[in-house]
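See below for coords_12.txt, which holds compact mmCIF, C-alpha atoms.
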```
# COMPACT_ATOMS: atom_id res chain seq x y z
CA MET E 1 -38.08 1.27 -70.90
CA SER E 2 -41.04 0.25 -73.00
CA GLY E 3 -41.26 -2.85 -75.18
CA GLY E 4 -40.94 -0.67 -78.32
CA ASP E 5 -37.51 0.55 -77.18
CA GLN E 6 -36.28 -3.03 -76.91
CA ASP E 7 -37.59 -3.86 -80.40
CA ASP E 8 -35.79 -0.83 -81.82
CA GLY E 9 -32.55 -1.98 -80.18
CA ALA E 10 -32.94 -5.51 -81.57
CA ASP E 11 -33.64 -4.13 -85.07
CA LEU E 12 -30.59 -1.91 -84.85
CA PHE E 13 -28.46 -4.85 -83.74
CA ARG E 14 -29.68 -7.00 -86.66
CA ARG E 15 -28.89 -4.22 -89.15
CA VAL E 16 -25.38 -3.75 -87.70
CA VAL E 17 -24.46 -7.44 -87.79
CA ALA E 18 -26.24 -8.24 -91.09
CA ASP E 19 -23.06 -8.13 -93.16
CA ALA E 20 -20.85 -9.82 -90.54
CA GLU E 21 -19.12 -13.02 -91.59
CA PRO E 22 -18.07 -15.82 -89.26
CA LEU E 23 -14.37 -16.10 -88.48
CA LYS E 24 -12.46 -18.79 -90.34
CA ARG E 25 -10.99 -21.54 -88.21
CA LYS E 26 -7.21 -21.62 -88.30
CA ARG E 27 -6.94 -25.33 -87.42
CA PRO E 28 -9.08 -28.07 -88.92
CA LEU E 29 -11.43 -29.85 -86.60
CA LEU E 30 -10.36 -33.36 -85.65
CA THR E 31 -12.88 -35.91 -86.83
CA PRO E 32 -13.10 -39.33 -85.19
CA LYS E 33 -12.26 -42.36 -87.36
CA VAL E 34 -15.30 -44.28 -88.51
CA ASP E 35 -13.52 -47.67 -88.48
CA SER E 36 -12.75 -47.85 -84.78
CA PRO E 37 -15.44 -48.77 -82.29
CA PRO E 38 -16.26 -46.12 -79.69
CA GLN E 39 -14.03 -46.34 -76.64
CA PRO E 40 -15.64 -46.49 -73.23
CA ALA E 41 -15.17 -43.30 -71.27
CA ALA E 42 -12.43 -43.44 -68.68
CA PRO E 43 -13.67 -43.10 -65.14
CA ALA E 44 -13.54 -39.48 -64.13
CA LYS E 45 -10.83 -38.66 -61.65
CA PRO E 46 -11.87 -36.38 -58.85
CA VAL E 47 -10.61 -32.89 -59.40
CA ARG E 48 -7.84 -32.28 -56.93
CA ARG E 49 -7.35 -28.68 -56.05
CA PRO E 50 -4.08 -27.53 -54.61
CA SER E 51 -4.23 -26.89 -50.94
CA PRO E 52 -3.95 -23.26 -49.96
CA ILE E 53 -0.50 -22.12 -48.96
CA LEU E 54 -0.37 -21.76 -45.25
CA ARG E 55 1.74 -18.83 -44.16
CA LYS E 56 3.46 -18.70 -40.86
CA PRO E 57 2.19 -16.00 -38.53
CA GLY E 58 4.22 -12.83 -38.83
CA VAL E 59 5.54 -13.63 -42.31
CA ALA E 60 2.99 -11.56 -44.24
CA VAL E 61 3.91 -7.91 -44.50
CA PRO E 62 1.04 -5.71 -43.33
CA PRO E 63 0.17 -2.67 -45.40
CA PRO E 64 1.73 0.57 -44.16
CA ALA E 65 -0.32 2.52 -41.66
CA MET E 66 -2.33 5.49 -42.90
CA LEU E 67 -0.53 8.81 -42.69
CA ALA E 68 -2.14 11.96 -41.39
CA ALA E 69 -0.91 15.49 -41.94
CA GLY E 70 1.37 16.44 -39.07
CA ASP E 71 2.03 12.84 -37.92
CA TYR E 72 5.73 12.82 -37.06
CA SER E 73 5.79 9.51 -35.15
CA ARG E 74 8.03 7.86 -37.75
CA LEU E 75 10.64 10.65 -37.52
CA ASP E 76 13.33 11.35 -35.00
CA ARG E 77 12.78 14.51 -32.97
CA ARG E 78 15.36 16.66 -34.76
CA THR E 79 14.14 15.70 -38.25
CA ALA E 80 10.50 16.16 -37.23
CA ASP E 81 11.24 19.66 -35.91
CA ARG E 82 13.16 20.68 -39.04
CA PHE E 83 10.47 19.17 -41.29
CA ARG E 84 7.60 20.88 -39.45
CA ARG E 85 9.34 24.27 -39.56
CA GLY E 86 10.23 23.98 -43.24
CA ARG E 87 13.96 23.97 -42.44
CA LEU E 88 14.81 20.92 -44.59
CA PRO E 89 15.96 21.89 -48.08
CA ILE E 90 13.17 21.63 -50.66
CA GLU E 91 14.62 19.51 -53.45
CA ALA E 92 11.69 19.59 -55.90
CA ARG E 93 8.34 21.34 -56.38
CA LEU E 94 5.08 20.31 -58.04
CA ASP E 95 2.44 22.95 -58.76
CA LEU E 96 -1.02 21.43 -59.29
CA HIS E 97 -2.82 24.75 -59.94
CA GLY E 98 -5.22 24.40 -62.86
CA HIS E 99 -5.19 20.58 -62.89
CA TYR E 100 -8.38 18.53 -62.80
CA GLN E 101 -8.49 15.83 -60.11
CA ASP E 102 -7.48 12.91 -62.34
CA ALA E 103 -4.64 14.83 -63.96
CA ALA E 104 -3.47 16.10 -60.56
CA HIS E 105 -3.51 12.59 -59.10
CA HIS E 106 -1.45 11.18 -61.98
CA ALA E 107 0.98 14.12 -61.84
CA LEU E 108 1.42 13.65 -58.08
CA THR E 109 2.00 9.89 -58.40
CA ASP E 110 4.58 10.41 -61.14
CA PHE E 111 6.26 13.24 -59.22
CA ILE E 112 6.56 11.17 -56.02
CA ALA E 113 7.94 8.18 -57.96
CA GLU E 114 10.48 10.29 -59.86
CA SER E 115 11.55 12.18 -56.73
CA ALA E 116 12.01 8.97 -54.76
CA ALA E 117 13.97 7.40 -57.61
CA ALA E 118 16.21 10.48 -57.74
CA GLY E 119 16.91 10.18 -54.00
CA ARG E 120 15.12 13.38 -53.01
CA ARG E 121 13.87 13.62 -49.43
CA MET E 122 11.87 16.86 -49.09
CA VAL E 123 9.49 17.99 -51.81
CA LEU E 124 6.84 20.69 -51.95
CA VAL E 125 3.43 20.03 -53.50
CA ILE E 126 1.38 23.16 -54.22
CA THR E 127 -2.36 22.48 -54.40
CA GLY E 128 -3.74 25.97 -53.96
CA ARG E 129 -6.31 26.95 -51.38
CA GLY E 130 -9.36 26.63 -53.60
CA SER E 131 -11.81 29.23 -54.82
CA ARG E 132 -13.43 29.71 -51.42
CA GLU E 133 -12.08 29.45 -47.88
CA GLY E 134 -11.31 25.79 -47.18
CA SER E 135 -12.92 24.47 -50.38
CA GLY E 136 -9.83 23.36 -52.29
CA VAL E 137 -10.63 19.99 -53.86
CA LEU E 138 -7.00 19.15 -54.62
CA ARG E 139 -5.98 20.27 -51.14
CA ALA E 140 -8.59 17.96 -49.60
CA ARG E 141 -7.69 14.98 -51.82
CA LEU E 142 -3.88 15.17 -51.45
CA PRO E 143 -3.77 13.25 -48.11
CA GLN E 144 -5.86 10.45 -49.66
CA TRP E 145 -3.62 10.27 -52.73
CA LEU E 146 -0.46 10.15 -50.63
CA ASN E 147 -1.94 7.19 -48.71
CA GLN E 148 -2.67 5.18 -51.86
CA PRO E 149 -0.23 2.84 -53.57
CA PRO E 150 2.33 3.33 -54.99
CA SER E 151 2.91 6.71 -53.30
CA ARG E 152 2.29 5.42 -49.75
CA ASP E 153 5.31 3.14 -49.92
CA ARG E 154 7.54 6.14 -50.67
CA VAL E 155 6.11 8.77 -48.28
CA LEU E 156 7.31 9.05 -44.68
CA ALA E 157 5.34 12.13 -43.60
CA PHE E 158 3.56 15.23 -44.87
CA THR E 159 2.34 18.47 -43.38
CA SER E 160 1.04 21.89 -44.39
CA ALA E 161 3.73 24.25 -45.61
CA ARG E 162 4.90 27.42 -43.87
CA PRO E 163 3.52 30.75 -45.19
CA GLU E 164 6.73 31.48 -47.11
CA HIS E 165 6.23 28.25 -49.11
CA GLY E 166 2.48 28.54 -49.75
CA GLY E 167 0.90 28.07 -46.33
CA ASP E 168 -2.43 26.22 -46.42
CA GLY E 169 -2.22 25.88 -50.19
CA ALA E 170 0.90 23.70 -50.13
CA PHE E 171 2.31 20.62 -48.42
CA TYR E 172 5.77 19.50 -47.46
CA VAL E 173 6.19 15.80 -48.28
CA LEU E 174 9.08 13.88 -46.73
CA LEU E 175 10.08 10.84 -48.73
CA LYS E 176 11.68 7.71 -47.34
CA ARG E 177 15.39 7.24 -47.85
CA ASN E 178 16.14 5.15 -50.88
CA ARG E 179 18.53 2.63 -49.35
CA ASP E 180 18.67 0.51 -52.53
CA ARG E 181 20.37 3.23 -54.59
CA ARG E 182 23.97 2.65 -55.51
CA ALA E 183 26.20 5.74 -55.57
```
Starting from the file, lay out its structure as structure tokens.
Amino acid sequence: MSGGDQDDGADLFRRVVADAEPLKRKRPLLTPKVDSPPQPAAPAKPVRRPSPILRKPGVAVPPPAMLAAGDYSRLDRRTADRFRRGRLPIEARLDLHGHYQDAAHHALTDFIAESAAAGRRMVLVITGRGSREGSGVLRARLPQWLNQPPSRDRVLAFTSARPEHGGDGAFYVLLKRNRDRRA
């Protein structure tokens, strides 16, 4: 940037604020009484900062571990087998075809939250395969999105779908049981 560019910016700023008026004060300023002699300043007290809260070891809840596609370690054997084979009933579907990344991320987060709140366990998220072999942006980003809050707290496992449900262009997502729900 040359010096002339800075001058142009300063001129522009002056023209923009030329007709600006200062804000009116809502409360009058307090003025000291003239009659009273000035009071000596009180000795300054040292600033005392609160001591940090010491937590007992093991009290803090660690963040949930990162999930990887096909990680069934948090599932019992029967559920893991049914989940992997697509034998659990699909209770909801989300098709992200045609979404841009930001819109897809928001749609996925909302879908996971709504599905978990409704007590659904198995959902299908369709990302598509992408325009070229293995180049699907949404497909590549889905595992990252599922591992981010608030979705991570609701997701138990995810894996690629079977061919009859979209194959490499879709994912089964198993949600945690909502034990707080009242029937």
Using only C-alpha atoms, which residues sit within 10 Å of Phe111 of chain E once same-chain residues fewer than 5 positions away are excluded, as a PDB file with C-alpha atoms, in the coordinates of the input?
```pdb
ATOM      1  CA  ALA E  92      11.690  19.590 -55.900  1.00  0.00           C
ATOM      2  CA  ARG E  93       8.340  21.340 -56.380  1.00  0.00           C
ATOM      3  CA  LEU E  94       5.080  20.310 -58.040  1.00  0.00           C
ATOM      4  CA  HIS E 105      -3.510  12.590 -59.100  1.00  0.00           C
ATOM      5  CA  HIS E 106      -1.450  11.180 -61.980  1.00  0.00           C
ATOM      6  CA  ALA E 116      12.010   8.970 -54.760  1.00  0.00           C
ATOM      7  CA  ALA E 117      13.970   7.400 -57.610  1.00  0.00           C
ATOM      8  CA  VAL E 123       9.490  17.990 -51.810  1.00  0.00           C
ATOM      9  CA  VAL E 125       3.430  20.030 -53.500  1.00  0.00           C
ATOM     10  CA  SER E 151       2.910   6.710 -53.300  1.00  0.00           C
TER      11      SER E 151
END
```
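Closest approach to Leu156 of chain E among E:Ala113, E:Ala80, E:Leu174, E:Leu124 is made by E:Leu174 (distances from all atoms listed in the file).
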Residue neighbourhood Asp153 of chain E, 12 Å, all atoms listed in the file, exclusion window fewer than 3 positions, as a ChimeraX atom specification: /E:62-67,109,112-113,116,145-150,156-157,174-178
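Put simply, atom CA of Tyr172 of chain E is 11.4 Å away from atom CA of Pro143 of chain E.
In this structure, atom CA of Ala140 of chain E sits 27.3 Å away from atom CA of Arg77 of chain E.
Counting all atoms listed in the file and comparing E:Met122, E:Ala18, E:Leu108, E:Val155, the residue that lies closest to Arg87 of chain E is E:Met122.
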Distance of atom CA of Ala104 of chain E from atom CA of Gly130 of chain E, expressed in Å to one decimal place: 13.9 Å
Gly86 of chain E: which residues within 10 Å, counting all atoms listed in the file, same-chain residues fewer than 2 positions away excluded, as a JSON list (two decimals) with C-alpha atoms, in the frame of the given file?
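Result written to result12.json:
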```json
[["chain", "number", "residue", "atom", "x", "y", "z"],
["E", 80, "ALA", "CA", 10.50, 16.16, -37.23],
["E", 81, "ASP", "CA", 11.24, 19.66, -35.91],
["E", 82, "ARG", "CA", 13.16, 20.68, -39.04],
["E", 83, "PHE", "CA", 10.47, 19.17, -41.29],
["E", 84, "ARG", "CA", 7.60, 20.88, -39.45],
["E", 88, "LEU", "CA", 14.81, 20.92, -44.59],
["E", 89, "PRO", "CA", 15.96, 21.89, -48.08],
["E", 90, "ILE", "CA", 13.17, 21.63, -50.66],
["E", 122, "MET", "CA", 11.87, 16.86, -49.09],
["E", 124, "LEU", "CA", 6.84, 20.69, -51.95],
["E", 159, "THR", "CA", 2.34, 18.47, -43.38],
["E", 160, "SER", "CA", 1.04, 21.89, -44.39],
["E", 161, "ALA", "CA", 3.73, 24.25, -45.61],
["E", 162, "ARG", "CA", 4.90, 27.42, -43.87],
["E", 163, "PRO", "CA", 3.52, 30.75, -45.19],
["E", 164, "GLU", "CA", 6.73, 31.48, -47.11],
["E", 165, "HIS", "CA", 6.23, 28.25, -49.11],
["E", 172, "TYR", "CA", 5.77, 19.50, -47.46]]
```
Residue neighbourhood Thr127 of chain E, 8 Å, all atoms listed in the file, exclusion window fewer than 2 positions, as a VMD selection string: chain E and resid 95 to 97 125 129 136 138 to 139 169 to 171
Residue subset to file, keeping C-alpha atoms, as a short mmCIF file (atom, residue, chain, number, x, y, z; two decimals), in the coordinates of the input:
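Generated file (part.cif):
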```
data_model
loop_
_atom_site.label_atom_id
_atom_site.label_comp_id
_atom_site.auth_asym_id
_atom_site.auth_seq_id
_atom_site.Cartn_x
_atom_site.Cartn_y
_atom_site.Cartn_z
CA ASP E 95 2.44 22.95 -58.76
CA LEU E 96 -1.02 21.43 -59.29
CA HIS E 97 -2.82 24.75 -59.94
CA VAL E 125 3.43 20.03 -53.50
CA ARG E 129 -6.31 26.95 -51.38
CA GLY E 136 -9.83 23.36 -52.29
CA LEU E 138 -7.00 19.15 -54.62
CA ARG E 139 -5.98 20.27 -51.14
CA GLY E 169 -2.22 25.88 -50.19
CA ALA E 170 0.90 23.70 -50.13
CA PHE E 171 2.31 20.62 -48.42
#
```
Since fewer atoms than expected are present, regenerate N, CA and C atoms for segment 64-82 of chain E and write them as a PDB file, in the frame of the given file.
```pdb
ATOM      1  N   PRO E  64       1.279  -0.531 -45.018  1.00  0.00           N
ATOM      2  CA  PRO E  64       1.730   0.570 -44.160  1.00  0.00           C
ATOM      3  C   PRO E  64       0.533   1.295 -43.539  1.00  0.00           C
ATOM      4  N   ALA E  65       0.739   1.804 -42.354  1.00  0.00           N
ATOM      5  CA  ALA E  65      -0.320   2.520 -41.660  1.00  0.00           C
ATOM      6  C   ALA E  65      -0.660   3.812 -42.399  1.00  0.00           C
ATOM      7  N   MET E  66      -1.895   4.253 -42.256  1.00  0.00           N
ATOM      8  CA  MET E  66      -2.330   5.490 -42.900  1.00  0.00           C
ATOM      9  C   MET E  66      -1.585   6.667 -42.284  1.00  0.00           C
ATOM     10  N   LEU E  67      -1.209   7.598 -43.140  1.00  0.00           N
ATOM     11  CA  LEU E  67      -0.530   8.810 -42.690  1.00  0.00           C
ATOM     12  C   LEU E  67      -1.549   9.930 -42.543  1.00  0.00           C
ATOM     13  N   ALA E  68      -1.324  10.768 -41.569  1.00  0.00           N
ATOM     14  CA  ALA E  68      -2.140  11.960 -41.390  1.00  0.00           C
ATOM     15  C   ALA E  68      -1.202  13.162 -41.433  1.00  0.00           C
ATOM     16  N   ALA E  69      -1.723  14.276 -41.897  1.00  0.00           N
ATOM     17  CA  ALA E  69      -0.910  15.490 -41.940  1.00  0.00           C
ATOM     18  C   ALA E  69      -0.446  15.817 -40.527  1.00  0.00           C
ATOM     19  N   GLY E  70       0.825  16.073 -40.379  1.00  0.00           N
ATOM     20  CA  GLY E  70       1.370  16.440 -39.070  1.00  0.00           C
ATOM     21  C   GLY E  70       1.709  15.254 -38.183  1.00  0.00           C
ATOM     22  N   ASP E  71       1.644  14.025 -38.694  1.00  0.00           N
ATOM     23  CA  ASP E  71       2.030  12.840 -37.920  1.00  0.00           C
ATOM     24  C   ASP E  71       3.532  12.641 -38.086  1.00  0.00           C
ATOM     25  N   TYR E  72       4.275  12.899 -37.020  1.00  0.00           N
ATOM     26  CA  TYR E  72       5.730  12.820 -37.060  1.00  0.00           C
ATOM     27  C   TYR E  72       6.252  11.610 -36.295  1.00  0.00           C
ATOM     28  N   SER E  73       5.394  10.638 -35.997  1.00  0.00           N
ATOM     29  CA  SER E  73       5.790   9.510 -35.150  1.00  0.00           C
ATOM     30  C   SER E  73       6.873   8.641 -35.780  1.00  0.00           C
ATOM     31  N   ARG E  74       7.018   8.673 -37.080  1.00  0.00           N
ATOM     32  CA  ARG E  74       8.030   7.860 -37.750  1.00  0.00           C
ATOM     33  C   ARG E  74       9.371   8.597 -37.899  1.00  0.00           C
ATOM     34  N   LEU E  75       9.446   9.820 -37.374  1.00  0.00           N
ATOM     35  CA  LEU E  75      10.640  10.650 -37.520  1.00  0.00           C
ATOM     36  C   LEU E  75      11.331  10.825 -36.178  1.00  0.00           C
ATOM     37  N   ASP E  76      12.636  10.991 -36.226  1.00  0.00           N
ATOM     38  CA  ASP E  76      13.330  11.350 -35.000  1.00  0.00           C
ATOM     39  C   ASP E  76      12.992  12.803 -34.675  1.00  0.00           C
ATOM     40  N   ARG E  77      13.223  13.189 -33.443  1.00  0.00           N
ATOM     41  CA  ARG E  77      12.780  14.510 -32.970  1.00  0.00           C
ATOM     42  C   ARG E  77      13.389  15.654 -33.760  1.00  0.00           C
ATOM     43  N   ARG E  78      14.677  15.573 -34.048  1.00  0.00           N
ATOM     44  CA  ARG E  78      15.360  16.660 -34.760  1.00  0.00           C
ATOM     45  C   ARG E  78      14.815  16.796 -36.188  1.00  0.00           C
ATOM     46  N   THR E  79      14.670  15.674 -36.888  1.00  0.00           N
ATOM     47  CA  THR E  79      14.140  15.700 -38.250  1.00  0.00           C
ATOM     48  C   THR E  79      12.706  16.199 -38.266  1.00  0.00           C
ATOM     49  N   ALA E  80      11.901  15.737 -37.307  1.00  0.00           N
ATOM     50  CA  ALA E  80      10.500  16.160 -37.230  1.00  0.00           C
ATOM     51  C   ALA E  80      10.407  17.675 -37.028  1.00  0.00           C
ATOM     52  N   ASP E  81      11.256  18.213 -36.159  1.00  0.00           N
ATOM     53  CA  ASP E  81      11.240  19.660 -35.910  1.00  0.00           C
ATOM     54  C   ASP E  81      11.649  20.437 -37.158  1.00  0.00           C
ATOM     55  N   ARG E  82      12.700  19.997 -37.825  1.00  0.00           N
ATOM     56  CA  ARG E  82      13.160  20.680 -39.040  1.00  0.00           C
ATOM     57  C   ARG E  82      12.114  20.555 -40.156  1.00  0.00           C
TER      58      ARG E  82
END
```
